[in-house]
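To keep things clear, I will list the structure first and then write my remarks on it.
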Amino acid sequence: MLVLGIETSCDETAAAVLTEDGRVLASVVDSQVAIHSRFGGVVPELASRRHMEAVAPVVFAALDGAGVGLEAIDFVAATQGPGLVGSLLVGFSFAKALAYVRRLPLVGVNHMAGHVASVFLTEDPPAFPFVCLVASGGHSSLFLVEAPARLRLLGQTRDDAAGEAFDKVAKILGLGYPGGPLVSAAAQGADPAAIRFPRALLEEDSLDFSFSGIKTAVAQHVWQEARAGRPVSPGEVCAGFQEAVVEVLVAKLLRAAAQCRCPRLALAGGVAANERLRALLAARATASGLAVWLPAPAWCTDNAAMIALAGLAKYDPGLPSALDADVYSRSSFPGGLLAV
């Protein structure tokens, strides 16, 4: 059995072909960084238009890369939400049309469930249950992953997501877009203790996140230095900011593992590609006797292989196809479980 995955939740148009056992035959991603970088962030209307131009070529490039035609595909999995509604509509509508014409089942996939599934693209995936942190431009959430399609929400951001904070700090410093890799690069070699920004840990035992305050603290620091006529060191600002964010992410993940009494941890999402976050988590998890699974950086950012894999976990030939389903901008958590 072969599954075709399609992902268009934000500013990457992606398609992938996977086998029934999760082997990736092809994965193609069309990035929109060049389109949005001049605006310092994603412009939803421009993202939707680019998806309309790219979705068909990307899908057929993935099929060509896998060496198969549409007749070999057994079902289609596509991101249904959360994300930018216009972007989601392009990919999900294309998937609907493709499934209808080819008389194939269609599975709608939750984007966060896709990020969690990326952990299983590693050679030696974790056993269930494990605690997973999904950190990206739109999400900072902690899940207890009890089964392939059973994700229990433990905590989430109350305001800005971690990746969003990286983007905003990069914009404050005039570094460009996307902010994550640019802030990380600027922080290389700088002293993370030179400027100490606040760590928002919220209430005792809380597993929620808040990153709006640190963004404000960075803006205030830059403004105060400029007002005093002192030069701002982008490297020191980035290093101090990055350290504050990754310390909170690691502390919350370790706290979640302790509360759930779970010895297995995982990272997912675009921020999971951050080298400092990966290094700090690995060191502190080892010190605590915990095991950590880290997807390769290529599987951390938005891609369709993770969507196809999540679709495989959700697919049931006895269930109706999602041809009449609609996209959604936000996730729901009935009973504390992610509606995957």
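Going through the structure tokens in order, the chains are called A, B, and so on, while each chain numbers its residues from 1 and the ligands are numbered from 1 in the order shown.
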Sorted by chain and rising residue number, list the residues of stretch 244-268 of chain A at most 12 Å from stretch 201-219 of chain A (counting only C-alpha atoms), each with its closest atom pair and distance in Å to one decimal, as a tab-separated table.
```
residue	atom	partner	partner_atom	distance
A:Ala244	CA	A:Ile214	CA	8.1
A:Val245	CA	A:Phe211	CA	7.7
A:Val246	CA	A:Phe211	CA	11.0
A:Glu247	CA	A:Leu201	CA	9.9
A:Val248	CA	A:Leu201	CA	6.7
A:Leu249	CA	A:Phe209	CA	8.1
A:Val250	CA	A:Leu201	CA	11.1
A:Ala251	CA	A:Leu201	CA	8.5
A:Lys252	CA	A:Leu207	CA	5.8
A:Leu253	CA	A:Leu207	CA	8.0
A:Leu254	CA	A:Leu207	CA	9.9
A:Arg255	CA	A:Asp205	CA	7.4
A:Ala256	CA	A:Leu207	CA	6.7
A:Ala257	CA	A:Leu207	CA	10.5
A:Ala258	CA	A:Asp205	CA	10.2
A:Gln259	CA	A:Asp205	CA	8.5
A:Cys260	CA	A:Leu207	CA	11.5
```
Would you save the residues from that selection as an mmCIF file, in the first residue's frame, using N, CA and C atoms?
```
data_model
loop_
_atom_site.group_PDB
_atom_site.id
_atom_site.type_symbol
_atom_site.label_atom_id
_atom_site.label_comp_id
_atom_site.auth_asym_id
_atom_site.auth_seq_id
_atom_site.Cartn_x
_atom_site.Cartn_y
_atom_site.Cartn_z
ATOM 1 N N ALA A 244 17.210 31.790 26.980
ATOM 2 C CA ALA A 244 16.005 31.912 27.799
ATOM 3 C C ALA A 244 14.883 31.026 27.258
ATOM 4 N N VAL A 245 14.710 31.027 25.939
ATOM 5 C CA VAL A 245 13.634 30.239 25.336
ATOM 6 C C VAL A 245 13.900 28.744 25.478
ATOM 7 N N VAL A 246 15.103 28.299 25.131
ATOM 8 C CA VAL A 246 15.362 26.856 25.163
ATOM 9 C C VAL A 246 15.372 26.332 26.601
ATOM 10 N N GLU A 247 15.801 27.149 27.554
ATOM 11 C CA GLU A 247 15.759 26.709 28.952
ATOM 12 C C GLU A 247 14.329 26.444 29.401
ATOM 13 N N VAL A 248 13.410 27.311 29.013
ATOM 14 C CA VAL A 248 12.008 27.116 29.375
ATOM 15 C C VAL A 248 11.447 25.881 28.687
ATOM 16 N N LEU A 249 11.735 25.705 27.404
ATOM 17 C CA LEU A 249 11.231 24.545 26.669
ATOM 18 C C LEU A 249 11.721 23.245 27.301
ATOM 19 N N VAL A 250 13.002 23.192 27.623
ATOM 20 C CA VAL A 250 13.572 21.983 28.222
ATOM 21 C C VAL A 250 13.007 21.763 29.617
ATOM 22 N N ALA A 251 12.912 22.824 30.416
ATOM 23 C CA ALA A 251 12.392 22.689 31.780
ATOM 24 C C ALA A 251 10.960 22.163 31.778
ATOM 25 N N LYS A 252 10.136 22.675 30.868
ATOM 26 C CA LYS A 252 8.742 22.219 30.804
ATOM 27 C C LYS A 252 8.647 20.773 30.333
ATOM 28 N N LEU A 253 9.478 20.396 29.369
ATOM 29 C CA LEU A 253 9.449 19.021 28.880
ATOM 30 C C LEU A 253 9.880 18.051 29.974
ATOM 31 N N LEU A 254 10.924 18.389 30.713
ATOM 32 C CA LEU A 254 11.371 17.534 31.816
ATOM 33 C C LEU A 254 10.322 17.494 32.936
ATOM 34 N N ARG A 255 9.660 18.636 33.172
ATOM 35 C CA ARG A 255 8.599 18.674 34.179
ATOM 36 C C ARG A 255 7.434 17.776 33.768
ATOM 37 N N ALA A 256 7.093 17.796 32.490
ATOM 38 C CA ALA A 256 6.011 16.942 31.991
ATOM 39 C C ALA A 256 6.372 15.468 32.143
ATOM 40 N N ALA A 257 7.623 15.124 31.841
ATOM 41 C CA ALA A 257 8.062 13.735 31.990
ATOM 42 C C ALA A 257 7.957 13.291 33.443
ATOM 43 N N ALA A 258 8.326 14.175 34.370
ATOM 44 C CA ALA A 258 8.253 13.834 35.790
ATOM 45 C C ALA A 258 6.804 13.663 36.238
ATOM 46 N N GLN A 259 5.926 14.572 35.797
ATOM 47 C CA GLN A 259 4.527 14.487 36.202
ATOM 48 C C GLN A 259 3.848 13.243 35.643
ATOM 49 N N CYS A 260 4.236 12.848 34.417
ATOM 50 C CA CYS A 260 3.645 11.664 33.779
ATOM 51 C C CYS A 260 4.393 10.379 34.132
#
```
### Message
Give me, as a ChimeraX atom specification, the residues of stretch 38-232 of chain A that a backbone DSSP run labels strand (DSSP E).
### Response
/A:75-81,106-110,130-135,140-147,150-156
What would the file look like if the residues just selected were written as a compact mmCIF listing (two decimals), in the first residue's frame with N, CA, C and O atoms?
```txt
# COMPACT_ATOMS: atom_id res chain seq x y z
N PHE A 75 -4.29 5.62 -0.97
CA PHE A 75 -5.11 6.65 -0.35
C PHE A 75 -4.29 7.93 -0.21
O PHE A 75 -3.06 7.92 -0.33
N VAL A 76 -5.01 9.03 0.04
CA VAL A 76 -4.39 10.35 0.14
C VAL A 76 -4.57 10.87 1.57
O VAL A 76 -5.65 10.75 2.15
N ALA A 77 -3.49 11.41 2.13
CA ALA A 77 -3.54 12.07 3.44
C ALA A 77 -3.14 13.53 3.25
O ALA A 77 -2.11 13.81 2.64
N ALA A 78 -3.94 14.44 3.77
CA ALA A 78 -3.66 15.87 3.59
C ALA A 78 -3.90 16.62 4.88
O ALA A 78 -4.79 16.27 5.66
N THR A 79 -3.12 17.67 5.10
CA THR A 79 -3.29 18.49 6.29
C THR A 79 -4.63 19.21 6.23
O THR A 79 -4.93 19.91 5.28
N GLN A 80 -5.42 19.02 7.30
CA GLN A 80 -6.75 19.63 7.38
C GLN A 80 -6.74 20.85 8.29
O GLN A 80 -7.57 21.74 8.17
N GLY A 81 -5.78 20.93 9.21
CA GLY A 81 -5.65 22.03 10.13
C GLY A 81 -4.75 21.61 11.27
O GLY A 81 -4.32 20.45 11.32
N LEU A 106 -9.69 9.54 1.38
CA LEU A 106 -8.97 10.73 1.81
C LEU A 106 -8.99 10.80 3.32
O LEU A 106 -10.05 10.68 3.95
N VAL A 107 -7.82 11.02 3.92
CA VAL A 107 -7.70 11.17 5.37
C VAL A 107 -7.24 12.59 5.67
O VAL A 107 -6.19 13.02 5.18
N GLY A 108 -8.01 13.32 6.47
CA GLY A 108 -7.59 14.63 6.93
C GLY A 108 -6.72 14.49 8.16
O GLY A 108 -7.06 13.75 9.09
N VAL A 109 -5.58 15.17 8.18
CA VAL A 109 -4.59 15.01 9.24
C VAL A 109 -4.41 16.32 10.00
O VAL A 109 -4.33 17.39 9.39
N ASN A 110 -4.35 16.22 11.32
CA ASN A 110 -4.02 17.37 12.14
C ASN A 110 -2.52 17.66 12.02
O ASN A 110 -1.69 16.76 12.14
N PHE A 130 5.22 8.25 25.25
CA PHE A 130 6.32 9.20 25.39
C PHE A 130 5.76 10.61 25.42
O PHE A 130 4.64 10.85 24.97
N VAL A 131 6.54 11.51 26.00
CA VAL A 131 6.14 12.92 26.08
C VAL A 131 6.82 13.67 24.94
O VAL A 131 8.03 13.56 24.77
N CYS A 132 6.03 14.40 24.17
CA CYS A 132 6.57 15.09 23.00
C CYS A 132 6.29 16.59 23.08
O CYS A 132 5.16 17.02 23.36
N LEU A 133 7.32 17.38 22.83
CA LEU A 133 7.19 18.83 22.71
C LEU A 133 7.13 19.18 21.24
O LEU A 133 8.03 18.85 20.47
N VAL A 134 6.04 19.82 20.83
CA VAL A 134 5.90 20.34 19.47
C VAL A 134 6.11 21.85 19.54
O VAL A 134 5.29 22.58 20.09
N ALA A 135 7.23 22.30 19.00
CA ALA A 135 7.58 23.72 19.05
C ALA A 135 7.83 24.21 17.63
O ALA A 135 8.73 23.71 16.94
N SER A 140 3.43 25.79 20.49
CA SER A 140 4.32 25.31 21.54
C SER A 140 3.43 24.48 22.46
O SER A 140 2.73 25.04 23.31
N SER A 141 3.45 23.18 22.26
CA SER A 141 2.52 22.30 22.97
C SER A 141 3.24 21.06 23.46
O SER A 141 4.18 20.58 22.83
N LEU A 142 2.76 20.54 24.59
CA LEU A 142 3.28 19.30 25.17
C LEU A 142 2.19 18.24 25.11
O LEU A 142 1.04 18.50 25.49
N PHE A 143 2.56 17.05 24.63
CA PHE A 143 1.61 15.95 24.53
C PHE A 143 2.16 14.69 25.18
O PHE A 143 3.37 14.42 25.10
N LEU A 144 1.28 13.93 25.81
CA LEU A 144 1.59 12.56 26.18
C LEU A 144 1.07 11.71 25.04
O LEU A 144 -0.14 11.63 24.81
N VAL A 145 1.98 11.09 24.30
CA VAL A 145 1.61 10.30 23.13
C VAL A 145 1.40 8.86 23.60
O VAL A 145 2.34 8.13 23.87
N GLU A 146 0.14 8.47 23.70
CA GLU A 146 -0.22 7.17 24.26
C GLU A 146 -0.32 6.08 23.21
O GLU A 146 -0.19 4.89 23.52
N ALA A 147 -0.56 6.46 21.97
CA ALA A 147 -0.69 5.53 20.84
C ALA A 147 -0.53 6.35 19.57
O ALA A 147 -0.52 7.59 19.62
N ARG A 150 -3.36 8.82 19.41
CA ARG A 150 -3.92 9.21 20.71
C ARG A 150 -2.94 10.13 21.41
O ARG A 150 -1.95 9.68 22.01
N LEU A 151 -3.18 11.42 21.33
CA LEU A 151 -2.31 12.45 21.88
C LEU A 151 -3.06 13.22 22.95
O LEU A 151 -4.09 13.85 22.66
N ARG A 152 -2.57 13.16 24.17
CA ARG A 152 -3.22 13.86 25.27
C ARG A 152 -2.48 15.18 25.52
O ARG A 152 -1.28 15.19 25.79
N LEU A 153 -3.21 16.29 25.46
CA LEU A 153 -2.61 17.61 25.66
C LEU A 153 -2.25 17.80 27.12
O LEU A 153 -3.08 17.65 28.02
N LEU A 154 -0.98 18.18 27.36
CA LEU A 154 -0.50 18.46 28.71
C LEU A 154 -0.35 19.95 28.97
O LEU A 154 -0.54 20.41 30.09
N GLY A 155 0.01 20.70 27.94
CA GLY A 155 0.21 22.14 28.09
C GLY A 155 0.41 22.78 26.74
O GLY A 155 0.80 22.11 25.77
N GLN A 156 0.17 24.08 26.66
CA GLN A 156 0.33 24.79 25.39
C GLN A 156 0.61 26.26 25.68
O GLN A 156 0.48 26.73 26.81
```
List as CSV every residue of stretch 114-168 of chain A that is in contact with stretch 305-310 of chain A, defined as an atom at most 7 Å from one of its atoms (using only C-alpha atoms), together with the nearest atom pair and the distance in Å rounded to one decimal, sorted by chain and then rising number.
```
residue,atom,partner,partner_atom,distance
A:Gly114,CA,A:Ile307,CA,4.8
A:His115,CA,A:Met306,CA,6.3
A:Ala117,CA,A:Ala310,CA,5.6
A:Ser118,CA,A:Met306,CA,4.9
```
I need the chosen residues saved as a PDB file, in the first residue's frame, with N, CA and C atoms.
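This went into result33.pdb:
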```
ATOM      1  N   GLY A 114       0.883  15.447  12.796  1.00  0.00           N
ATOM      2  CA  GLY A 114       1.926  15.196  11.803  1.00  0.00           C
ATOM      3  C   GLY A 114       3.303  15.440  12.373  1.00  0.00           C
ATOM      4  N   HIS A 115       3.480  16.548  13.102  1.00  0.00           N
ATOM      5  CA  HIS A 115       4.782  16.819  13.709  1.00  0.00           C
ATOM      6  C   HIS A 115       5.176  15.715  14.698  1.00  0.00           C
ATOM      7  N   ALA A 117       4.268  12.657  14.503  1.00  0.00           N
ATOM      8  CA  ALA A 117       4.586  11.491  13.683  1.00  0.00           C
ATOM      9  C   ALA A 117       5.999  11.559  13.125  1.00  0.00           C
ATOM     10  N   SER A 118       6.558  12.776  12.983  1.00  0.00           N
ATOM     11  CA  SER A 118       7.918  12.901  12.441  1.00  0.00           C
ATOM     12  C   SER A 118       8.935  12.185  13.313  1.00  0.00           C
TER      13      SER A 118
END
```
### Message
Under the rule that only C-alpha atoms are counted, which of A:Leu173, A:Phe128, A:Leu70, A:Gly270 is the nearest residue to A:Arg102?
### Response
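When distances to A:Arg102 are compared using only C-alpha atoms, the smallest one comes from A:Leu70.
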### Query
Got a sec to tell me which of stretch 101-186 of chain A DSSP assigns to alpha helix (DSSP H), as a ChimeraX atom specification?
/A:101-102,111-117,162-172,179-186
Using N, CA and C atoms, can you write the selected residues to a file as a short mmCIF file (atom, residue, chain, number, x, y, z; two decimals), in the first residue's frame?
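Generated file (selection.cif):
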```
data_model
loop_
_atom_site.label_atom_id
_atom_site.label_comp_id
_atom_site.auth_asym_id
_atom_site.auth_seq_id
_atom_site.Cartn_x
_atom_site.Cartn_y
_atom_site.Cartn_z
N VAL A 101 -11.56 12.04 -8.07
CA VAL A 101 -11.37 11.61 -9.46
C VAL A 101 -10.80 10.20 -9.54
N ARG A 102 -9.85 9.90 -8.64
CA ARG A 102 -9.21 8.58 -8.65
C ARG A 102 -9.96 7.56 -7.79
N HIS A 111 -2.18 18.91 11.78
CA HIS A 111 -0.79 19.28 11.54
C HIS A 111 0.11 18.95 12.73
N MET A 112 -0.39 19.15 13.94
CA MET A 112 0.42 18.83 15.12
C MET A 112 0.62 17.33 15.27
N ALA A 113 -0.39 16.54 14.93
CA ALA A 113 -0.23 15.09 14.92
C ALA A 113 0.83 14.69 13.89
N GLY A 114 0.88 15.45 12.80
CA GLY A 114 1.93 15.20 11.80
C GLY A 114 3.30 15.44 12.37
N HIS A 115 3.48 16.55 13.10
CA HIS A 115 4.78 16.82 13.71
C HIS A 115 5.18 15.72 14.70
N VAL A 116 4.22 15.25 15.49
CA VAL A 116 4.52 14.15 16.41
C VAL A 116 4.92 12.90 15.62
N ALA A 117 4.27 12.66 14.50
CA ALA A 117 4.59 11.49 13.68
C ALA A 117 6.00 11.56 13.12
N ALA A 162 7.00 29.58 20.47
CA ALA A 162 8.45 29.78 20.51
C ALA A 162 8.99 30.26 19.17
N GLY A 163 8.57 29.62 18.08
CA GLY A 163 9.06 30.01 16.76
C GLY A 163 8.63 31.41 16.39
N GLU A 164 7.43 31.78 16.81
CA GLU A 164 6.93 33.14 16.56
C GLU A 164 7.80 34.17 17.28
N ALA A 165 8.23 33.83 18.50
CA ALA A 165 9.10 34.73 19.26
C ALA A 165 10.45 34.89 18.56
N PHE A 166 10.99 33.80 18.01
CA PHE A 166 12.23 33.89 17.26
C PHE A 166 12.06 34.83 16.07
N ASP A 167 10.96 34.71 15.34
CA ASP A 167 10.72 35.56 14.18
C ASP A 167 10.61 37.03 14.58
N LYS A 168 9.93 37.30 15.69
CA LYS A 168 9.73 38.69 16.11
C LYS A 168 11.03 39.32 16.60
N VAL A 169 11.85 38.53 17.30
CA VAL A 169 13.15 39.06 17.75
C VAL A 169 14.04 39.34 16.55
N ALA A 170 14.03 38.45 15.58
CA ALA A 170 14.82 38.68 14.36
C ALA A 170 14.36 39.97 13.67
N LYS A 171 13.06 40.23 13.68
CA LYS A 171 12.54 41.45 13.05
C LYS A 171 12.97 42.68 13.84
N ILE A 172 12.94 42.60 15.18
CA ILE A 172 13.38 43.72 16.02
C ILE A 172 14.82 44.08 15.72
N GLY A 179 13.15 33.82 11.20
CA GLY A 179 13.98 34.25 12.31
C GLY A 179 14.76 33.16 12.99
N GLY A 180 14.21 31.95 13.07
CA GLY A 180 14.85 30.87 13.81
C GLY A 180 16.31 30.63 13.46
N PRO A 181 16.60 30.27 12.21
CA PRO A 181 18.00 30.02 11.85
C PRO A 181 18.87 31.26 11.90
N LEU A 182 18.30 32.45 11.65
CA LEU A 182 19.09 33.68 11.67
C LEU A 182 19.48 34.06 13.10
N VAL A 183 18.55 33.92 14.04
CA VAL A 183 18.87 34.19 15.44
C VAL A 183 19.89 33.18 15.95
N SER A 184 19.71 31.92 15.60
CA SER A 184 20.64 30.88 16.02
C SER A 184 22.04 31.14 15.48
N ALA A 185 22.13 31.55 14.22
CA ALA A 185 23.43 31.84 13.61
C ALA A 185 24.09 33.04 14.28
N ALA A 186 23.29 34.08 14.56
CA ALA A 186 23.85 35.28 15.21
C ALA A 186 24.33 34.98 16.62
#
```
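For the set A:Asn274, A:Ser93, A:Ser136, A:Gln188, the residue with the smallest atom-to-atom gap to A:Asp326 is A:Ser93, counting only C-alpha atoms.
You can rank A:Ala285, A:Ala95, A:Leu280, A:Ala149 by their closest distance to A:Leu312 using only C-alpha atoms, and at the top of that list sits A:Ala149.
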Using only C-alpha atoms, find each residue in stretch 57-139 of chain A having at least one atom no more than 8 Å away from stretch 43-49 of chain A; report its shortest atom-to-atom pair and that distance in Å (one decimal), rows by chain then rising number, as JSON lines.
```
{"residue": "A:Leu84", "atom": "CA", "partner": "A:Pro44", "partner_atom": "CA", "distance": 6.8}
{"residue": "A:Gly86", "atom": "CA", "partner": "A:Ser48", "partner_atom": "CA", "distance": 5.5}
{"residue": "A:Ser87", "atom": "CA", "partner": "A:Ser48", "partner_atom": "CA", "distance": 4.6}
{"residue": "A:Val90", "atom": "CA", "partner": "A:Ser48", "partner_atom": "CA", "distance": 6.9}
```
### Query
For A:Gly269, which residue among A:Trp299, A:Phe92, A:Phe197, A:Trp223 is the nearest when counting only C-alpha atoms?
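Using only C-alpha atoms, A:Gly269 sits closest to A:Trp299.
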Mind checking which residues fall within 7 Å of A:Pro295, counting only C-alpha atoms, ignoring those fewer than 3 positions away in the same chain, and posting them as a PDB file with N, CA and C atoms, in the first residue's frame?
```pdb
ATOM      1  N   SER A 118       6.558  12.776  12.983  1.00  0.00           N
ATOM      2  CA  SER A 118       7.918  12.901  12.441  1.00  0.00           C
ATOM      3  C   SER A 118       8.935  12.185  13.313  1.00  0.00           C
ATOM      4  N   VAL A 119       8.615  11.992  14.597  1.00  0.00           N
ATOM      5  CA  VAL A 119       9.506  11.258  15.491  1.00  0.00           C
ATOM      6  C   VAL A 119       9.705   9.830  14.989  1.00  0.00           C
ATOM      7  N   LEU A 121       9.978   8.936  11.943  1.00  0.00           N
ATOM      8  CA  LEU A 121      10.813   8.909  10.747  1.00  0.00           C
ATOM      9  C   LEU A 121      12.276   8.661  11.107  1.00  0.00           C
ATOM     10  N   THR A 122      12.564   8.527  12.406  1.00  0.00           N
ATOM     11  CA  THR A 122      13.900   8.156  12.852  1.00  0.00           C
ATOM     12  C   THR A 122      14.072   6.644  12.711  1.00  0.00           C
ATOM     13  N   ALA A 268       9.677  17.816  18.366  1.00  0.00           N
ATOM     14  CA  ALA A 268       9.142  17.903  17.015  1.00  0.00           C
ATOM     15  C   ALA A 268       8.834  19.359  16.702  1.00  0.00           C
ATOM     16  N   TRP A 299      13.133  16.745   8.908  1.00  0.00           N
ATOM     17  CA  TRP A 299      11.785  16.307   9.257  1.00  0.00           C
ATOM     18  C   TRP A 299      11.161  17.192  10.330  1.00  0.00           C
ATOM     19  N   CYS A 300      11.919  18.151  10.876  1.00  0.00           N
ATOM     20  CA  CYS A 300      11.372  19.058  11.888  1.00  0.00           C
ATOM     21  C   CYS A 300      10.504  20.140  11.256  1.00  0.00           C
TER      22      CYS A 300
END
```
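Distance check against A:Ser332 using only C-alpha atoms: of A:Gly176, A:Pro82, A:Val271, A:Gly67, the minimum falls on A:Pro82.
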### Message
Nearest residue to A:Ala322 out of A:Ala97, A:Asp11, A:Ala56, A:Glu71, using only C-alpha atoms?
### Response
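Once distances to A:Ala322 are computed over only C-alpha atoms, the minimum belongs to A:Ala97.
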